[in-house]
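Text of work.cif (mmCIF, C-alpha atoms) as supplied:
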data_my_file
#
loop_
_atom_site.group_PDB
_atom_site.id
_atom_site.type_symbol
_atom_site.label_atom_id
_atom_site.label_comp_id
_atom_site.auth_asym_id
_atom_site.auth_seq_id
_atom_site.Cartn_x
_atom_site.Cartn_y
_atom_site.Cartn_z
ATOM 1 C CA MET A 1 51.484 -83.237 91.443
ATOM 2 C CA GLU A 2 53.956 -85.828 92.372
ATOM 3 C CA VAL A 3 57.009 -84.686 94.293
ATOM 4 C CA HIS A 4 60.209 -86.636 93.961
ATOM 5 C CA HIS A 5 62.521 -86.682 96.970
ATOM 6 C CA HIS A 6 66.224 -87.163 96.337
ATOM 7 C CA SER A 7 67.555 -89.810 98.531
ATOM 8 C CA HIS A 8 71.069 -89.365 100.043
ATOM 9 C CA LYS A 9 73.057 -92.422 100.604
ATOM 10 C CA PRO A 10 74.684 -92.257 104.045
ATOM 11 C CA LYS A 11 78.466 -92.063 104.033
ATOM 12 C CA LYS A 12 80.364 -94.964 105.340
ATOM 13 C CA TRP A 13 82.453 -94.412 108.437
ATOM 14 C CA LYS A 14 85.609 -95.067 106.426
ATOM 15 C CA GLU A 15 84.855 -92.039 104.252
ATOM 16 C CA TYR A 16 84.571 -89.810 107.341
ATOM 17 C CA ILE A 17 87.888 -91.095 108.592
ATOM 18 C CA THR A 18 89.493 -90.493 105.203
ATOM 19 C CA GLU A 19 88.202 -86.908 105.056
ATOM 20 C CA PHE A 20 89.372 -86.253 108.609
ATOM 21 C CA LEU A 21 92.812 -87.639 107.878
ATOM 22 C CA MET A 22 93.154 -85.531 104.726
ATOM 23 C CA LEU A 23 92.079 -82.395 106.589
ATOM 24 C CA PHE A 24 94.422 -83.190 109.466
ATOM 25 C CA LEU A 25 97.281 -83.822 107.044
ATOM 26 C CA ALA A 26 96.665 -80.525 105.236
ATOM 27 C CA VAL A 27 96.633 -78.552 108.495
ATOM 28 C CA THR A 28 99.710 -80.352 109.781
ATOM 29 C CA LEU A 29 101.668 -79.786 106.573
ATOM 30 C CA GLY A 30 100.640 -76.151 106.618
ATOM 31 C CA PHE A 31 101.838 -75.827 110.190
ATOM 32 C CA PHE A 32 105.176 -77.459 109.439
ATOM 33 C CA ALA A 33 105.640 -75.338 106.316
ATOM 34 C CA GLU A 34 104.976 -72.144 108.278
ATOM 35 C CA ASN A 35 107.229 -73.311 111.095
ATOM 36 C CA GLN A 36 109.994 -74.111 108.611
ATOM 37 C CA ARG A 37 109.603 -70.707 106.960
ATOM 38 C CA GLU A 38 109.843 -68.975 110.341
ATOM 39 C CA HIS A 39 112.889 -71.082 111.219
ATOM 40 C CA LEU A 40 114.605 -70.048 107.980
ATOM 41 C CA ILE A 41 113.791 -66.379 108.606
ATOM 42 C CA GLU A 42 115.152 -66.527 112.157
ATOM 43 C CA GLY A 43 118.197 -68.431 110.969
ATOM 44 C CA ASN A 44 118.900 -65.674 108.469
ATOM 45 C CA ARG A 45 118.418 -62.981 111.119
ATOM 46 C CA GLU A 46 120.749 -64.868 113.463
ATOM 47 C CA LYS A 47 123.483 -64.906 110.822
ATOM 48 C CA GLN A 48 122.959 -61.196 110.104
ATOM 49 C CA TYR A 49 123.312 -60.366 113.786
ATOM 50 C CA MET A 50 126.424 -62.512 114.088
ATOM 51 C CA GLN A 51 127.922 -60.898 110.984
ATOM 52 C CA SER A 52 127.358 -57.495 112.563
ATOM 53 C CA LEU A 53 128.782 -58.674 115.902
ATOM 54 C CA TYR A 54 131.798 -60.007 114.043
ATOM 55 C CA GLU A 55 132.445 -56.559 112.553
ATOM 56 C CA ASP A 56 132.066 -54.968 116.000
ATOM 57 C CA LEU A 57 134.578 -57.375 117.490
ATOM 58 C CA ARG A 58 137.099 -56.643 114.752
ATOM 59 C CA LYS A 59 136.843 -52.947 115.616
ATOM 60 C CA ASP A 60 137.169 -53.778 119.318
ATOM 61 C CA THR A 61 140.419 -55.679 118.766
ATOM 62 C CA THR A 62 141.899 -52.613 117.049
ATOM 63 C CA ILE A 63 140.786 -50.367 119.921
ATOM 64 C CA LEU A 64 142.144 -52.761 122.553
ATOM 65 C CA LYS A 65 145.521 -53.045 120.816
ATOM 66 C CA ASN A 66 145.774 -49.244 120.688
ATOM 67 C CA LEU A 67 144.923 -49.086 124.404
ATOM 68 C CA VAL A 68 147.670 -51.552 125.276
ATOM 69 C CA ARG A 69 150.183 -49.578 123.215
ATOM 70 C CA TYR A 70 149.175 -46.234 124.755
ATOM 71 C CA ASP A 71 149.068 -47.498 128.338
ATOM 72 C CA THR A 72 152.380 -49.351 128.038
ATOM 73 C CA ILE A 73 154.121 -46.180 126.840
ATOM 74 C CA GLN A 74 152.467 -44.206 129.627
ATOM 75 C CA ASN A 75 153.673 -46.724 132.212
ATOM 76 C CA GLY A 76 157.230 -46.100 131.055
ATOM 77 C CA LYS A 77 156.769 -42.333 131.429
ATOM 78 C CA LEU A 78 155.334 -42.817 134.913
ATOM 79 C CA ASP A 79 158.286 -45.000 135.936
ATOM 80 C CA THR A 80 160.744 -42.314 134.858
ATOM 81 C CA THR A 81 158.774 -39.534 136.546
ATOM 82 C CA ASN A 82 158.544 -41.430 139.825
ATOM 83 C CA GLN A 83 162.266 -42.105 139.767
ATOM 84 C CA LEU A 84 163.027 -38.384 139.338
ATOM 85 C CA LEU A 85 160.648 -37.474 142.174
ATOM 86 C CA ILE A 86 162.169 -40.088 144.491
ATOM 87 C CA GLU A 87 165.714 -38.843 143.812
ATOM 88 C CA ASN A 88 164.547 -35.219 144.270
ATOM 89 C CA LYS A 89 167.824 -33.805 142.942
ATOM 90 C CA TRP A 90 167.259 -31.125 140.342
ATOM 91 C CA ASP A 91 169.308 -29.549 137.612
ATOM 92 C CA ALA A 92 168.223 -27.852 134.384
ATOM 93 C CA ASN A 93 168.102 -31.081 132.358
ATOM 94 C CA LYS A 94 166.079 -33.010 134.964
ATOM 95 C CA ILE A 95 163.608 -30.154 135.362
ATOM 96 C CA LYS A 96 163.091 -29.957 131.590
ATOM 97 C CA LEU A 97 162.662 -33.749 131.465
ATOM 98 C CA LEU A 98 160.077 -33.627 134.245
ATOM 99 C CA TYR A 99 158.167 -30.925 132.357
ATOM 100 C CA ARG A 100 158.101 -33.086 129.208
ATOM 101 C CA LEU A 101 157.008 -36.136 131.140
ATOM 102 C CA ASN A 102 154.233 -34.137 132.750
ATOM 103 C CA LEU A 103 152.542 -33.877 129.343
ATOM 104 C CA LYS A 104 152.403 -37.682 129.052
ATOM 105 C CA THR A 105 151.880 -39.085 132.538
ATOM 106 C CA ALA A 106 148.256 -38.199 133.290
ATOM 107 C CA GLY A 107 146.710 -38.071 129.834
ATOM 108 C CA THR A 108 143.914 -40.374 128.720
ATOM 109 C CA ILE A 109 142.809 -41.923 125.453
ATOM 110 C CA ARG A 110 139.071 -41.908 124.933
ATOM 111 C CA TYR A 111 137.599 -45.122 123.609
ATOM 112 C CA ASN A 112 134.261 -46.855 123.244
ATOM 113 C CA LEU A 113 133.992 -50.528 122.494
ATOM 114 C CA SER A 114 131.350 -51.196 119.858
ATOM 115 C CA GLU A 115 127.810 -51.518 121.211
ATOM 116 C CA ARG A 116 125.955 -51.393 117.900
ATOM 117 C CA THR A 117 124.988 -55.063 117.749
ATOM 118 C CA SER A 118 124.848 -55.708 121.490
ATOM 119 C CA ALA A 119 122.198 -53.009 121.896
ATOM 120 C CA GLN A 120 120.100 -54.604 119.160
ATOM 121 C CA LEU A 121 120.457 -58.111 120.556
ATOM 122 C CA LYS A 122 119.638 -57.033 124.111
ATOM 123 C CA ASN A 123 116.714 -54.746 123.293
ATOM 124 C CA ALA A 124 115.082 -56.955 120.665
ATOM 125 C CA GLY A 125 115.597 -60.212 122.535
ATOM 126 C CA GLY A 126 117.863 -61.345 119.736
ATOM 127 C CA MET A 127 119.983 -63.616 121.905
ATOM 128 C CA ARG A 128 117.197 -66.214 121.756
ATOM 129 C CA LEU A 129 118.146 -66.673 118.090
ATOM 130 C CA VAL A 130 121.605 -67.969 119.036
ATOM 131 C CA GLU A 131 121.122 -71.721 119.204
ATOM 132 C CA ASN A 132 124.688 -72.532 120.272
ATOM 133 C CA GLN A 133 124.480 -72.160 124.060
ATOM 134 C CA GLU A 134 128.247 -72.117 124.558
ATOM 135 C CA LEU A 135 128.565 -69.278 122.057
ATOM 136 C CA SER A 136 125.669 -67.431 123.683
ATOM 137 C CA ASN A 137 127.422 -67.682 127.056
ATOM 138 C CA LYS A 138 130.702 -66.386 125.630
ATOM 139 C CA ILE A 139 128.961 -63.409 124.016
ATOM 140 C CA SER A 140 127.224 -62.560 127.289
ATOM 141 C CA GLU A 141 130.511 -62.881 129.182
ATOM 142 C CA TYR A 142 132.197 -60.561 126.683
ATOM 143 C CA TRP A 143 129.557 -57.895 127.269
ATOM 144 C CA VAL A 144 129.891 -58.187 131.058
ATOM 145 C CA LYS A 145 133.675 -57.916 130.894
ATOM 146 C CA SER A 146 133.378 -54.918 128.543
ATOM 147 C CA GLU A 147 131.364 -53.117 131.211
ATOM 148 C CA ASN A 148 133.859 -54.118 133.914
ATOM 149 C CA LEU A 149 136.732 -52.785 131.812
ATOM 150 C CA LYS A 150 134.883 -49.550 131.177
ATOM 151 C CA GLU A 151 134.229 -49.070 134.893
ATOM 152 C CA TYR A 152 137.849 -49.686 135.893
ATOM 153 C CA ASN A 153 139.125 -47.404 133.144
ATOM 154 C CA THR A 154 136.852 -44.679 134.550
ATOM 155 C CA PHE A 155 138.414 -45.278 137.968
ATOM 156 C CA VAL A 156 141.936 -44.837 136.538
ATOM 157 C CA GLU A 157 140.840 -41.711 134.658
ATOM 158 C CA ASP A 158 139.683 -40.253 137.984
ATOM 159 C CA LEU A 159 143.119 -40.949 139.476
ATOM 160 C CA LYS A 160 144.700 -39.133 136.536
ATOM 161 C CA PHE A 161 142.363 -36.184 136.950
ATOM 162 C CA LYS A 162 143.396 -35.796 140.602
ATOM 163 C CA ALA A 163 147.082 -36.028 139.656
ATOM 164 C CA ARG A 164 146.630 -33.331 137.010
ATOM 165 C CA GLU A 165 144.975 -31.103 139.595
ATOM 166 C CA LYS A 166 148.026 -31.532 141.828
ATOM 167 C CA SER A 167 150.412 -30.814 138.957
ATOM 168 C CA TYR A 168 149.088 -27.268 138.587
ATOM 169 C CA SER A 169 150.902 -26.310 141.797
ATOM 170 C CA ILE A 170 154.193 -27.771 140.505
ATOM 171 C CA PHE A 171 154.510 -26.844 136.827
ATOM 172 C CA ASP A 172 154.435 -23.362 135.307
ATOM 173 C CA GLN A 173 152.801 -23.445 131.867
ATOM 174 C CA LYS A 174 154.832 -20.468 130.640
ATOM 175 C CA TYR A 175 157.884 -22.727 130.277
ATOM 176 C CA TYR A 176 156.181 -24.829 127.600
ATOM 177 C CA THR A 177 157.399 -23.074 124.439
ATOM 178 C CA ASP A 178 155.987 -25.732 122.057
ATOM 179 C CA VAL A 179 153.668 -28.262 123.668
ATOM 180 C CA SER A 180 153.027 -30.302 120.515
ATOM 181 C CA ASN A 181 156.759 -30.958 120.121
ATOM 182 C CA LEU A 182 157.467 -31.259 123.870
ATOM 183 C CA ILE A 183 159.851 -28.271 123.836
ATOM 184 C CA VAL A 184 160.551 -26.715 127.230
ATOM 185 C CA ALA A 185 162.411 -23.476 127.900
ATOM 186 C CA ASP A 186 166.012 -23.874 129.055
ATOM 187 C CA ASN A 187 165.362 -21.717 132.130
ATOM 188 C CA ALA A 188 162.359 -23.758 133.305
ATOM 189 C CA GLN A 189 161.792 -23.944 137.057
ATOM 190 C CA LEU A 190 159.293 -25.796 139.214
ATOM 191 C CA LEU A 191 156.759 -23.732 141.099
ATOM 192 C CA THR A 192 157.772 -25.559 144.257
ATOM 193 C CA TYR A 193 160.532 -27.858 145.432
ATOM 194 C CA ASP A 194 158.715 -28.667 148.635
ATOM 195 C CA ASN A 195 159.383 -32.321 149.464
ATOM 196 C CA PHE A 196 155.867 -32.908 150.846
ATOM 197 C CA ILE A 197 154.126 -31.625 147.706
ATOM 198 C CA LEU A 198 156.428 -33.492 145.335
ATOM 199 C CA THR A 199 156.061 -36.687 147.366
ATOM 200 C CA GLU A 200 152.273 -36.424 147.324
ATOM 201 C CA TYR A 201 152.360 -35.898 143.554
ATOM 202 C CA GLY A 202 154.659 -38.917 143.198
ATOM 203 C CA ASN A 203 152.301 -41.022 145.316
ATOM 204 C CA ARG A 204 149.390 -40.131 143.056
ATOM 205 C CA LEU A 205 151.372 -41.030 139.950
ATOM 206 C CA ASN A 206 152.501 -44.280 141.543
ATOM 207 C CA HIS A 207 148.879 -45.190 142.287
ATOM 208 C CA ILE A 208 148.044 -44.626 138.616
ATOM 209 C CA ASN A 209 151.060 -46.658 137.512
ATOM 210 C CA ASN A 210 150.268 -49.644 139.735
ATOM 211 C CA SER A 211 146.574 -49.591 138.790
ATOM 212 C CA MET A 212 147.457 -49.691 135.124
ATOM 213 C CA LYS A 213 150.215 -52.284 135.363
ATOM 214 C CA ASN A 214 148.535 -54.679 137.771
ATOM 215 C CA VAL A 215 144.866 -54.391 136.799
ATOM 216 C CA LEU A 216 144.017 -52.323 133.728
ATOM 217 C CA LEU A 217 146.604 -53.657 131.268
ATOM 218 C CA PRO A 218 146.078 -57.336 132.221
ATOM 219 C CA SER A 219 142.308 -56.779 131.925
ATOM 220 C CA ILE A 220 142.684 -55.258 128.466
ATOM 221 C CA ASP A 221 144.918 -58.137 127.393
ATOM 222 C CA ARG A 222 142.409 -60.753 128.610
ATOM 223 C CA HIS A 223 139.567 -58.908 126.894
ATOM 224 C CA TYR A 224 141.511 -58.758 123.647
ATOM 225 C CA LYS A 225 141.940 -62.538 123.813
ATOM 226 C CA ARG A 226 138.184 -62.949 124.426
ATOM 227 C CA ALA A 227 137.453 -60.889 121.338
ATOM 228 C CA VAL A 228 139.898 -62.919 119.223
ATOM 229 C CA GLU A 229 138.382 -66.177 120.472
ATOM 230 C CA LEU A 230 134.856 -64.987 119.674
ATOM 231 C CA LEU A 231 135.942 -63.899 116.202
ATOM 232 C CA SER A 232 137.320 -67.364 115.534
ATOM 233 C CA ILE A 233 134.171 -69.104 116.788
ATOM 234 C CA LEU A 234 131.814 -66.821 114.868
ATOM 235 C CA LYS A 235 133.724 -67.191 111.627
ATOM 236 C CA LYS A 236 133.710 -70.978 111.914
ATOM 237 C CA GLU A 237 130.109 -71.292 113.141
ATOM 238 C CA TYR A 238 128.505 -68.981 110.572
ATOM 239 C CA LYS A 239 131.063 -68.955 107.718
ATOM 240 C CA LEU A 240 131.145 -65.171 107.906
ATOM 241 C CA ASN A 241 132.353 -62.713 105.306
ATOM 242 C CA GLU A 242 135.089 -60.417 106.633
ATOM 243 C CA ASN A 243 134.353 -57.741 104.048
ATOM 244 C CA ILE A 244 130.675 -57.127 104.840
ATOM 245 C CA ASP A 245 129.604 -54.486 107.335
ATOM 246 C CA LEU A 246 125.885 -54.748 108.063
ATOM 247 C CA ASN A 247 123.559 -52.228 109.631
ATOM 248 C CA VAL A 248 121.591 -54.191 112.209
ATOM 249 C CA SER A 249 119.049 -51.415 112.606
ATOM 250 C CA ASN A 250 117.493 -52.748 109.413
ATOM 251 C CA PHE A 251 116.989 -56.249 110.777
#

Could you express the structure from this file as structure tokens?
Amino acid sequence: MEVHHHSHKPKKWKEYITEFLMLFLAVTLGFFAENQREHLIEGNREKQYMQSLYEDLRKDTTILKNLVRYDTIQNGKLDTTNQLLIENKWDANKIKLLYRLNLKTAGTIRYNLSERTSAQLKNAGGMRLVENQELSNKISEYWVKSENLKEYNTFVEDLKFKAREKSYSIFDQKYYTDVSNLIVADNAQLLTYDNFILTEYGNRLNHINNSMKNVLLPSIDRHYKRAVELLSILKKEYKLNENIDLNVSNF
């Protein structure tokens, strides 16, 4: 029985080159397509993060403005209190005034600048998505200054706490007939008129006043300006929508 063998014509070297080039082109195009898809996904995530950061900064500006307003009013109360303590001449009206001022001189306003987006960006390595290096640096600086402001505010709160502790040996709470409306009894008296105690109390209040005027308030003002600048850059860079509030935990 005769067996027929199929003969295979050898491929020319040009055919091998053509097949290699087609395979290489397919792999390369696939790589670029995947890379482009990943770039688009990361670009979208970057904009989502920046939208969320934008909303956080808007909230921060409101908080910072309220802090400036509160601290400025408190500085005025501290100035008046210190002047009364320096004069150290008391009548019924001055004693009642000092009692009212006591309710406003060592109080604090609790605040927390928004950390919603910053926590996400720091923990998830999201800052690598921000291609604009200048913007990335400004965001990082804002976070550092937020921590610095928080630390100094804690320092001032400690000064206030110590002043309040001292005030308990000067003011008698029974003379506050209506605290919410700052009403003090006409027959109010100080627990002590000792010059040493009143001077020490005045020194503590003066320390608070100077710390707020010379450091805290200027720091808040500078930080407010940083937030406003970042808002302007973010809005221009990413064409952000002011009415959207995103939840970055879903990113």

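Among the candidate residues A:Ala185, A:Asn82, A:Gly125, A:Asp158, the one lying nearest to Gln173 in chain A is A:Ala185, with distances computed using all atoms listed in the file.
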
Exercise for the section: Have a look at CA of Phe171 in chain A and CA of Asn75 in chain A and let me know their distance in Å, one decimal. Expected result: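 Computing it gives 20.4 Å between the two atoms.
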
Practice task
Using the chain letters and residue numbers of this document, give as a PyMOL selection string the residues selected by the PyMOL selection byres ((chain A and resi 135-140) around 10).
Solution key: chain A and resi 53+118+122+127-134+141-146+226-227+229-230+233-234+237

Output of the above residues as a tab-separated table (two decimals), in the frame of the given file, restricted to C-alpha atoms:
chain	number	residue	atom	x	y	z
A	53	LEU	CA	128.78	-58.67	115.90
A	118	SER	CA	124.85	-55.71	121.49
A	122	LYS	CA	119.64	-57.03	124.11
A	127	MET	CA	119.98	-63.62	121.90
A	128	ARG	CA	117.20	-66.21	121.76
A	129	LEU	CA	118.15	-66.67	118.09
A	130	VAL	CA	121.60	-67.97	119.04
A	131	GLU	CA	121.12	-71.72	119.20
A	132	ASN	CA	124.69	-72.53	120.27
A	133	GLN	CA	124.48	-72.16	124.06
A	134	GLU	CA	128.25	-72.12	124.56
A	141	GLU	CA	130.51	-62.88	129.18
A	142	TYR	CA	132.20	-60.56	126.68
A	143	TRP	CA	129.56	-57.90	127.27
A	144	VAL	CA	129.89	-58.19	131.06
A	145	LYS	CA	133.68	-57.92	130.89
A	146	SER	CA	133.38	-54.92	128.54
A	226	ARG	CA	138.18	-62.95	124.43
A	227	ALA	CA	137.45	-60.89	121.34
A	229	GLU	CA	138.38	-66.18	120.47
A	230	LEU	CA	134.86	-64.99	119.67
A	233	ILE	CA	134.17	-69.10	116.79
A	234	LEU	CA	131.81	-66.82	114.87
A	237	GLU	CA	130.11	-71.29	113.14

Practice task
Take the PyMOL selection byres ((chain A and resi 163) around 7), apply it to the structure above, and return the hits as a list in words.
Solution key: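 Answer for the PyMOL selection byres ((chain A and resi 163) around 7): Ala106, Leu159, Lys160, Phe161, Lys162, Arg164, Glu165, Lys166, Ser167, Tyr201, Arg204 and Leu205 of chain A.
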
Exercise for the section: Determine, counting all atoms listed in the file, which protein, DNA and RNA residues have an atom within 9 Å of an atom of Tyr54 in chain A; residues of the same chain fewer than 4 positions away are not included. Present the result as a list of chain:residue names. Expected result: A:Tyr49, A:Met50, A:Arg58, A:Lys59, A:Leu230, A:Leu231, A:Leu234, A:Lys235, A:Leu240, A:Glu242, A:Asp245

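Here CA of Tyr224 in chain A and CA of Thr61 in chain A stand 5.9 Å from one another.
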
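Atom to atom, CA of Asn206 in chain A and CA of Asp194 in chain A stand 18.2 Å apart.
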
Exercise for the section: Would you mind listing what lies within 10 Å of Ser211 in chain A as a PyMOL selection string, with all atoms listed in the file counted and same-chain residues fewer than 3 positions away left out? Expected result: chain A and resi 152-153+155-156+159+205-208+214-217

Handout entry: Resolved residues for the PyMOL selection byres ((chain A and resi 108) around 9) as a list of chain:residue names
Key =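 What the PyMOL selection byres ((chain A and resi 108) around 9) grabs from the file is A:Tyr70, A:Asp71, A:Lys104, A:Thr105, A:Ala106, A:Gly107, A:Ile109, A:Arg110, A:Glu157, A:Lys160.
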
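Among the candidates A:Lys47, A:Lys150, A:His223, A:Lys65, the residue lying nearest to Lys236 in chain A is A:Lys47 (atoms considered: only C-alpha atoms).
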
Exercise for the section: Might you pull out every residue within 10 Å of Tyr193 in chain A, with all atoms listed in the file counted and same-chain residues fewer than 2 positions away left off, and present them as a ChimeraX atom specification? Expected result: /A:88-90,170,189-191,195-198

Practice task
Using all atoms listed in the file, determine which residues lie at most 10 Å from Ile183 in chain A, disregarding the query and same-chain residues fewer than 3 positions distant; provide the list as an NGL selection string.
Solution key: :A and (96-97 or 99-100 or 175-180 or 186)

Completion exercise
One residue among A:Lys94, A:Lys239, A:Arg69, A:Lys225 is nearest to Leu57 in chain A when using all atoms listed in the file, and that residue is A:Lys225

Exercise for the section: Could you check which of A:Leu98, A:Gln48, A:Asn112, A:Met212 is closest to Gln83 in chain A, using all atoms listed in the file? Expected result: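 Using all atoms listed in the file, the shortest distance to Gln83 in chain A belongs to A:Leu98.
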
Practice task
Compare A:Ile220, A:Asn93, A:Thr62, A:Asp172 by their minimum atom-to-atom distance to Thr192 in chain A, counting all atoms listed in the file, and give me the closest one.
Solution key: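 Using all atoms listed in the file, the shortest distance to Thr192 in chain A belongs to A:Asp172.
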